[in-house]
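J.: Okay, here's the structure, questions in a sec.
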Amino acid sequence: MAVYKMANNGIDLSSPVTSNGSSPLTRRIKYNESPAFTASKTRGLPGLPPLPSEFKESSELYEIVLKHSEHPPIMNGASWTVAAPFKEQRHYRTPSESIANNYTPTAADLKIKCLMRNEHSAPRSTHHHSQSPRRKTPPKKDRLTAMVAHPLNHMAIQQREKSFTTPASNDMEVMEWNAAAQVDAYPCSRPMSPMEQFDIIVSEEDKQSDSLGSPTGRDCERYQYYISRGIVPEMLAARPEHQWQNIRSMVPDEYLNSVPLESLKNEIIQEVDGDYDFSLRKSIVDYILKCQDEKQRLHVAWTPRNFPSRVVRAPVPWHCSYQQAKENCEKHLFVTNPIMLKLQNLFYDKYVGVRFVRISELQSAELPLLPNEFEALVKRHCEETQELLRNMWIPECAAIFVDNHEVWEHLVPNEEGESTALVAEFFACVASLMANHLRYIVTNSLADFVSFLNIYKDGSDFGQEYKELDFVKTPILIVKLLVEEPKIIFEPSFRECRDIVLRCFAEMIMSGDGLQRVECELFPDIREQRFFLKAVKIDELLVNDFIDRGIEILKLNTTGPQRYLNVYKKYQDLLNNKADTDVTAFLKERHSLQGFRKKIDGIKATRDEIASLRITVPLSLFCLDCVNLNDDLCRRAGRLKERIVTYEVDENRDLNRGICRRYDDICDRVNEKTDTTAELVELADFLQHSSDVTVFKLKDEIDEAADRLMFLLDYCSFPYEDIKLNSSVFHWPEHIQTVFEVSKGRITNRREQSEDALRLKIAQFDEKLNEYSKDVESFKKKEVLSQEEMQLNVEKLQELQRQLNDARDELEEINREEEMLEFDISQFPGLQMLFSLKEPYDKMWNTAFDFNNKFEQWMNGPFKDLNAEQINDEVGNMWRTMYKLTKTLSDQPGPQRVATQVKTKIDKFKTNVPVLNVICNPGIRDRHWKRMSQTVGFNIKPDEETSLWQMLETGLVKHLEQLDEISGAASKEYSLEKALEKMKFDWKDMMFELVPYRETGVCILSAIDEIQMLLDDHIVKAQTMRGSPFIK
């Protein structure tokens, strides 16, 4: 029937029918589990149309299709190829073109006959042609998806794209397609670490899970149906025979042949067969459902995702290194060589008990030792052990190599120039093994040393009071107690002890580093290359643990020695110089001899108490040596006692010397030679005072010196010098009386001589005053007013003034001598009269001489350098002086005439003063000179050399009133200029202070009161100046 011809499967149902009423194809479909004609109905879709009324019975084919309309077939049961997918019925493909094309949808339509053959590829054309419209390349999106799905998939895509082609019309199109394919080639993938690949794989798995969505009940039912019933067993490939053989090879024969395990073996075989059958079915269904068209046709929207197989694929960054490491191990692994076992046996037979520090010898040594001695002992042990290993162990290891040369000599190159790498690696392996042996010795030496110290792990803390019986263990280290002001220190310090212990650890470690490798013993030529075994490094964790444990034990044993220092706390004053300071303060004060005796006895008792203290103190690991400390404290106490005694001896010596010195001073003083009357009188007074007062005071001090001497004889012995000094002190009172008698006679004789000399000096002074009076009288007759005469008179008056001053000083000296010798005081009133008579002449001639000199300077010198105010004051003073002198000297015609002449000259000069005040104004500027020139009718502006006389010759007196007005205006303007300059100067040092305002970042002015006050004052002054008519 044509109406039931299946258009989709390409099969014509109207094929010839055989004699039994069915065709061969119909019989094959009938017995197929999923026949080809059961694709007309699925759940949710309309079923087959009903039969026409003229057909009473349905055909066999109709019944088959109706029966299987629920589940469309997935396999092509009518194909001559076993296990061909149903979808391949719509295409004309060879088996090679159909197989696995679901894995690469872009290559599903690829035809083998259209593929290029490399060996017949046409030569590359140099011409550019348009791309063939028939060329097909995989979509870019699919390529990117494939590359992201796994970092290595893009290589397979690249290879497939290189082989993808379509029939070309000619060779030129083929060449163009190849060129385009080369352009679209992908770059090689960079190596990626496993974690990077896992990140990409997980990301893609998450994307796939999101795209698949959640399964429905229908999806699960249909998926399970197609796995269990969609594929007939005949389409499944039989299990390979070698698979079961491989499985059996992995199981021991005793288990395979065991009768009790026969039932278990059968169950496992059935399980293996069932798993194999299910895996094949599921793989086929999963492959078919990779095609989206098939999923839609079979109405399976969801398929379970396989458990992700996260495989790290090449290239990975460490792939090459892994391959190299594998090859390197196959070639260079020597740990299994028989030599290694013999070396191991030698070590454990003879040297396993060797240690760098022999604890038994340490315990039998004469402990305790000084830390340096203990360090030297450990160092000696290490050196002996190192020599043992160097001279015995290394040679015996070398003998093993000589005796067993056949197992390693093949590694040595036979010819010169061949590589020695293998033999070097072999001996490097040997060195590693021997280094491990050496490491065993070193680490066990460290452990034994720590166990030796561990005996003292309980520490040395003894509480409040030290008891010697609590510490019966033999100490190891002797620590001395010494004084380092102001405290007691341990010598060596605990830090140095710790360093010594650390050096002991380091010595054991370094002793294992100086042993040469065995090849240096075998091959003497390489001994100079310094190949050493590497045992233990000092910075290893194990070493640090040993060291930390040893240092911790050492630290626990430092408590007792530090606590024992409390015994010496009562003597702390001797250490921190407080006792010395107390003695210093004591000596600064005044004390009686009984006070000194009490202080000295207290210090002596402290010294005796220190001398009775323990000299050795065992404290677990440490033993304190207190000999030096006790001796030092005793010496300090002794020094304090000696200091007080010495102070008293020195004080006694100084006092005795002071007594003797004062006696000597009295003797020297009374025996001095006097040159003046004052010295003579002073010496007589000193002699009288010494004999009446000083000698009796010294006698009291000598009595005190006797008491000090008796006190000091109980504590010290005097040197010869002090004995001689004491003797001198006690002999001075008798000797000084003789000195006094001799000095009194000499002073009486010298006084008589001084009185005669004074009378002669008074007579000579009277004659000198008469000569000075004559010189003063000579000035009454001088009246010549020439320049030379005036200068000569001024010089004579100055000389006379000096002589009179000297005479006055001489009179004062005479009066002092008269007073000391108890004479009547001489008056000499004529001296003062001479001063009074000379004064008028002095003023007259000095004023005349001064005016004459300055008149020339004022009249003929540059007038710009003249100060009008100063000249006016000087001229006024000179005129008043001369005016007074004309009255005073009225009874002396000559001097009066001179004074009158000088006064007349001054009066004449005073007429020029108004003009001088006008032109010598400092405020005159060029504009003022211009106005003055306009007033007089000609230019009067002076130059640098213009004199006052020249200005007077121009006739300025005629215009004095107008010129005075101009000069006055200039003065006013000048005062305004000075005021402005002063205002400007006031602002010169004024500073504006800026301070930050809170936290705004803006600064404001601070302390502006003074600035504001100055500004207001200057504003007022400026406004006043602006109101002045003289402002310009």
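In the structure tokens, each chain is lettered A, B, ... as it comes, each chain's residues begin at 1, and ligands are numbered from 1 in order of appearance.
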Skipping near chain neighbours, those fewer than 2 positions away, what residues fall within 10 Å of Leu613 of chain A using only C-alpha atoms, listed as a PyMOL selection string?

T.: chain A and resi 567-568+608-611+615-616+626-627+630

J.: Please write the residues from the selection above to a file, keeping N, CA, C and O atoms, as a PDB file, in the first residue's frame.

T.:
ATOM      1  N   VAL A 567      72.991  36.899  98.742  1.00  0.00           N
ATOM      2  CA  VAL A 567      73.860  36.854  99.918  1.00  0.00           C
ATOM      3  C   VAL A 567      74.708  38.117 100.006  1.00  0.00           C
ATOM      4  O   VAL A 567      75.045  38.585 101.099  1.00  0.00           O
ATOM      5  N   TYR A 568      75.021  38.705  98.853  1.00  0.00           N
ATOM      6  CA  TYR A 568      75.909  39.862  98.812  1.00  0.00           C
ATOM      7  C   TYR A 568      75.149  41.188  98.761  1.00  0.00           C
ATOM      8  O   TYR A 568      75.762  42.233  98.541  1.00  0.00           O
ATOM      9  N   ASP A 608      85.798  41.765 108.020  1.00  0.00           N
ATOM     10  CA  ASP A 608      85.971  40.449 108.635  1.00  0.00           C
ATOM     11  C   ASP A 608      84.794  39.531 108.320  1.00  0.00           C
ATOM     12  O   ASP A 608      84.971  38.314 108.122  1.00  0.00           O
ATOM     13  N   GLU A 609      83.583  40.089 108.216  1.00  0.00           N
ATOM     14  CA  GLU A 609      82.406  39.277 107.886  1.00  0.00           C
ATOM     15  C   GLU A 609      82.485  38.760 106.452  1.00  0.00           C
ATOM     16  O   GLU A 609      82.134  37.602 106.173  1.00  0.00           O
ATOM     17  N   ILE A 610      82.931  39.581 105.520  1.00  0.00           N
ATOM     18  CA  ILE A 610      83.067  39.149 104.120  1.00  0.00           C
ATOM     19  C   ILE A 610      84.112  38.055 104.001  1.00  0.00           C
ATOM     20  O   ILE A 610      83.949  37.083 103.243  1.00  0.00           O
ATOM     21  N   ALA A 611      85.180  38.160 104.760  1.00  0.00           N
ATOM     22  CA  ALA A 611      86.254  37.165 104.672  1.00  0.00           C
ATOM     23  C   ALA A 611      85.802  35.796 105.142  1.00  0.00           C
ATOM     24  O   ALA A 611      86.424  34.773 104.800  1.00  0.00           O
ATOM     25  N   ILE A 615      83.827  30.202  99.704  1.00  0.00           N
ATOM     26  CA  ILE A 615      84.649  30.533  98.526  1.00  0.00           C
ATOM     27  C   ILE A 615      84.216  29.724  97.305  1.00  0.00           C
ATOM     28  O   ILE A 615      84.504  30.106  96.175  1.00  0.00           O
ATOM     29  N   THR A 616      83.550  28.572  97.479  1.00  0.00           N
ATOM     30  CA  THR A 616      82.983  27.794  96.364  1.00  0.00           C
ATOM     31  C   THR A 616      81.554  27.441  96.731  1.00  0.00           C
ATOM     32  O   THR A 616      81.270  27.039  97.869  1.00  0.00           O
ATOM     33  N   CYS A 626      83.794  32.062  94.409  1.00  0.00           N
ATOM     34  CA  CYS A 626      83.607  33.375  95.051  1.00  0.00           C
ATOM     35  C   CYS A 626      84.899  33.940  95.610  1.00  0.00           C
ATOM     36  O   CYS A 626      84.869  34.964  96.322  1.00  0.00           O
ATOM     37  N   VAL A 627      86.039  33.334  95.329  1.00  0.00           N
ATOM     38  CA  VAL A 627      87.304  33.786  95.910  1.00  0.00           C
ATOM     39  C   VAL A 627      87.598  35.218  95.495  1.00  0.00           C
ATOM     40  O   VAL A 627      87.884  36.094  96.326  1.00  0.00           O
ATOM     41  N   ASN A 630      85.084  37.762  97.058  1.00  0.00           N
ATOM     42  CA  ASN A 630      85.312  38.021  98.479  1.00  0.00           C
ATOM     43  C   ASN A 630      86.571  38.858  98.685  1.00  0.00           C
ATOM     44  O   ASN A 630      86.587  39.793  99.498  1.00  0.00           O
TER      45      ASN A 630
END

J.: Please, which residues in segment 520-558 of chain A fall within 10 Å of segment 379-401 of chain A when counting only C-alpha atoms, and what is the closest atom pair and distance in Å to one decimal for each, ordered by chain then residue number, as a Markdown table?

T.:
| residue | atom | partner | partner_atom | distance |
| --- | --- | --- | --- | --- |
| A:Cys520 | CA | A:Ala398 | CA | 9.1 |
| A:Glu521 | CA | A:Ala398 | CA | 6.4 |
| A:Leu522 | CA | A:Ala398 | CA | 6.1 |
| A:Phe523 | CA | A:Ala398 | CA | 9.9 |

J.: Using N, CA, C and O atoms, can you export the residues from the last selection as an mmCIF file, in the first residue's frame?

T.:
data_model
loop_
_atom_site.group_PDB
_atom_site.id
_atom_site.type_symbol
_atom_site.label_atom_id
_atom_site.label_comp_id
_atom_site.auth_asym_id
_atom_site.auth_seq_id
_atom_site.Cartn_x
_atom_site.Cartn_y
_atom_site.Cartn_z
ATOM 1 N N CYS A 520 88.641 10.180 47.156
ATOM 2 C CA CYS A 520 89.928 10.845 47.368
ATOM 3 C C CYS A 520 90.962 9.851 47.900
ATOM 4 O O CYS A 520 92.166 10.025 47.675
ATOM 5 N N GLU A 521 90.508 8.833 48.618
ATOM 6 C CA GLU A 521 91.406 7.776 49.102
ATOM 7 C C GLU A 521 91.769 6.812 47.983
ATOM 8 O O GLU A 521 92.889 6.296 47.933
ATOM 9 N N LEU A 522 90.809 6.570 47.077
ATOM 10 C CA LEU A 522 91.048 5.647 45.966
ATOM 11 C C LEU A 522 91.889 6.275 44.868
ATOM 12 O O LEU A 522 92.721 5.591 44.253
ATOM 13 N N PHE A 523 91.646 7.544 44.618
ATOM 14 C CA PHE A 523 92.341 8.240 43.535
ATOM 15 C C PHE A 523 93.132 9.400 44.135
ATOM 16 O O PHE A 523 92.579 10.496 44.357
#

J.: Using DSSP on the backbone coordinates, identify all residues within segment 787-1028 of chain A classified as strand (DSSP E or B); present the result as a PDB file with all heavy atoms, in the first residue's frame.

T.:
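This is the output file part-v3.pdb:
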ATOM      1  N   PRO A 862      84.184 123.642  51.594  1.00  0.00           N
ATOM      2  CA  PRO A 862      82.875 123.345  50.978  1.00  0.00           C
ATOM      3  C   PRO A 862      81.764 123.535  52.005  1.00  0.00           C
ATOM      4  O   PRO A 862      81.768 122.890  53.069  1.00  0.00           O
ATOM      5  CB  PRO A 862      82.992 121.880  50.540  1.00  0.00           C
ATOM      6  CG  PRO A 862      84.455 121.612  50.471  1.00  0.00           C
ATOM      7  CD  PRO A 862      85.099 122.469  51.507  1.00  0.00           C
ATOM      8  N   SER A 947      82.294 127.419  48.426  1.00  0.00           N
ATOM      9  CA  SER A 947      82.517 127.777  49.820  1.00  0.00           C
ATOM     10  C   SER A 947      81.487 128.810  50.267  1.00  0.00           C
ATOM     11  O   SER A 947      80.761 129.415  49.459  1.00  0.00           O
ATOM     12  CB  SER A 947      83.934 128.327  50.018  1.00  0.00           C
ATOM     13  OG  SER A 947      84.098 129.517  49.275  1.00  0.00           O
ATOM     14  N   GLU A 993      52.016  86.666  61.024  1.00  0.00           N
ATOM     15  CA  GLU A 993      52.029  85.265  61.466  1.00  0.00           C
ATOM     16  C   GLU A 993      50.738  84.576  61.044  1.00  0.00           C
ATOM     17  O   GLU A 993      49.646  85.046  61.349  1.00  0.00           O
ATOM     18  CB  GLU A 993      52.180  85.203  62.983  1.00  0.00           C
ATOM     19  CG  GLU A 993      52.274  83.767  63.493  1.00  0.00           C
ATOM     20  CD  GLU A 993      52.441  83.716  65.001  1.00  0.00           C
ATOM     21  OE1 GLU A 993      52.525  84.814  65.620  1.00  0.00           O
ATOM     22  OE2 GLU A 993      52.475  82.603  65.558  1.00  0.00           O
ATOM     23  N   LEU A 994      50.894  83.464  60.318  1.00  0.00           N
ATOM     24  CA  LEU A 994      49.753  82.683  59.832  1.00  0.00           C
ATOM     25  C   LEU A 994      49.680  81.383  60.621  1.00  0.00           C
ATOM     26  O   LEU A 994      50.679  80.681  60.783  1.00  0.00           O
ATOM     27  CB  LEU A 994      49.887  82.394  58.337  1.00  0.00           C
ATOM     28  CG  LEU A 994      49.876  83.628  57.409  1.00  0.00           C
ATOM     29  CD1 LEU A 994      50.127  83.208  55.980  1.00  0.00           C
ATOM     30  CD2 LEU A 994      48.550  84.363  57.504  1.00  0.00           C
ATOM     31  N   VAL A 995      48.504  81.058  61.088  1.00  0.00           N
ATOM     32  CA  VAL A 995      48.279  79.807  61.826  1.00  0.00           C
ATOM     33  C   VAL A 995      47.128  79.057  61.166  1.00  0.00           C
ATOM     34  O   VAL A 995      46.205  79.669  60.614  1.00  0.00           O
ATOM     35  CB  VAL A 995      47.954  80.075  63.312  1.00  0.00           C
ATOM     36  CG1 VAL A 995      49.140  80.724  64.000  1.00  0.00           C
ATOM     37  CG2 VAL A 995      46.726  80.962  63.459  1.00  0.00           C
ATOM     38  N   PRO A 996      47.181  77.702  61.167  1.00  0.00           N
ATOM     39  CA  PRO A 996      46.089  76.922  60.562  1.00  0.00           C
ATOM     40  C   PRO A 996      44.789  77.088  61.349  1.00  0.00           C
ATOM     41  O   PRO A 996      44.788  77.090  62.578  1.00  0.00           O
ATOM     42  CB  PRO A 996      46.595  75.482  60.606  1.00  0.00           C
ATOM     43  CG  PRO A 996      47.643  75.477  61.662  1.00  0.00           C
ATOM     44  CD  PRO A 996      48.258  76.833  61.677  1.00  0.00           C
ATOM     45  N   CYS A1003      44.848  78.916  56.389  1.00  0.00           N
ATOM     46  CA  CYS A1003      45.578  79.633  57.415  1.00  0.00           C
ATOM     47  C   CYS A1003      44.998  81.030  57.590  1.00  0.00           C
ATOM     48  O   CYS A1003      44.551  81.668  56.610  1.00  0.00           O
ATOM     49  CB  CYS A1003      47.066  79.720  57.059  1.00  0.00           C
ATOM     50  SG  CYS A1003      47.881  78.118  57.054  1.00  0.00           S
ATOM     51  N   ILE A1004      45.005  81.532  58.803  1.00  0.00           N
ATOM     52  CA  ILE A1004      44.488  82.869  59.096  1.00  0.00           C
ATOM     53  C   ILE A1004      45.562  83.640  59.839  1.00  0.00           C
ATOM     54  O   ILE A1004      46.503  83.080  60.389  1.00  0.00           O
ATOM     55  CB  ILE A1004      43.204  82.787  59.942  1.00  0.00           C
ATOM     56  CG1 ILE A1004      43.485  82.086  61.272  1.00  0.00           C
ATOM     57  CG2 ILE A1004      42.096  82.083  59.184  1.00  0.00           C
ATOM     58  CD1 ILE A1004      42.306  82.091  62.210  1.00  0.00           C
ATOM     59  N   LEU A1005      45.416  84.992  59.837  1.00  0.00           N
ATOM     60  CA  LEU A1005      46.361  85.857  60.526  1.00  0.00           C
ATOM     61  C   LEU A1005      46.170  85.726  62.039  1.00  0.00           C
ATOM     62  O   LEU A1005      45.057  85.595  62.540  1.00  0.00           O
ATOM     63  CB  LEU A1005      46.173  87.318  60.108  1.00  0.00           C
ATOM     64  CG  LEU A1005      46.703  87.699  58.719  1.00  0.00           C
ATOM     65  CD1 LEU A1005      46.295  89.108  58.385  1.00  0.00           C
ATOM     66  CD2 LEU A1005      48.206  87.542  58.667  1.00  0.00           C
ATOM     67  N   SER A1006      47.303  85.787  62.744  1.00  0.00           N
ATOM     68  CA  SER A1006      47.265  85.662  64.198  1.00  0.00           C
ATOM     69  C   SER A1006      48.050  86.809  64.823  1.00  0.00           C
ATOM     70  O   SER A1006      49.038  87.287  64.246  1.00  0.00           O
ATOM     71  CB  SER A1006      47.869  84.325  64.624  1.00  0.00           C
ATOM     72  OG  SER A1006      47.928  84.240  66.019  1.00  0.00           O
TER      73      SER A1006
END

J.: Taking the backbone alone, and naming residues the way the document does, which bits of segment 601-662 of chain A are alpha helix (DSSP H) by DSSP, as a ChimeraX atom specification?

T.: /A:601-611,627-662

J.: For atom CA of Gly213 of chain A and atom CA of Arg297 of chain A, determine how far apart the two atoms are, in Å to one decimal place.

T.: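 The value is 18.8 Å.
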
J.: Segment 483-500 of chain A: which residues within 7 Å, counting only C-alpha atoms, same-chain residues fewer than 2 positions away excluded, as an NGL selection string?

T.: :A and (371 or 375 or 479-481 or 502-504 or 551 or 575-576 or 629)

J.: Produce a file of the selected residues containing C-alpha atoms, as a short mmCIF file (atom, residue, chain, number, x, y, z; two decimals), in the first residue's frame.

T.:
data_model
loop_
_atom_site.label_atom_id
_atom_site.label_comp_id
_atom_site.auth_asym_id
_atom_site.auth_seq_id
_atom_site.Cartn_x
_atom_site.Cartn_y
_atom_site.Cartn_z
CA PRO A 371 84.12 26.82 80.65
CA GLU A 375 85.22 23.57 75.64
CA VAL A 479 81.70 30.36 87.02
CA LYS A 480 83.61 33.06 88.84
CA LEU A 481 81.95 35.93 90.64
CA LEU A 502 76.69 26.38 71.38
CA ARG A 503 80.30 26.16 70.22
CA CYS A 504 80.45 22.61 71.62
CA ILE A 551 70.12 25.75 76.12
CA LEU A 575 79.79 47.85 94.89
CA ASN A 576 77.72 50.86 93.87
CA LEU A 629 84.61 38.44 94.76
#

J.: In Å, with one decimal, what is the gap from atom CA of Ile201 of chain A to atom CA of Pro304 of chain A?

T.: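 Separation between atom CA of Ile201 of chain A and atom CA of Pro304 of chain A: 17.5 Å.
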
J.: Within 10 Å of Glu869 of chain A, counting only C-alpha atoms, which residues show up once you throw out same-chain ones fewer than 4 positions away? Write them as a PyMOL selection string, please.

T.: chain A and resi 873-874+913+916-917+920-921
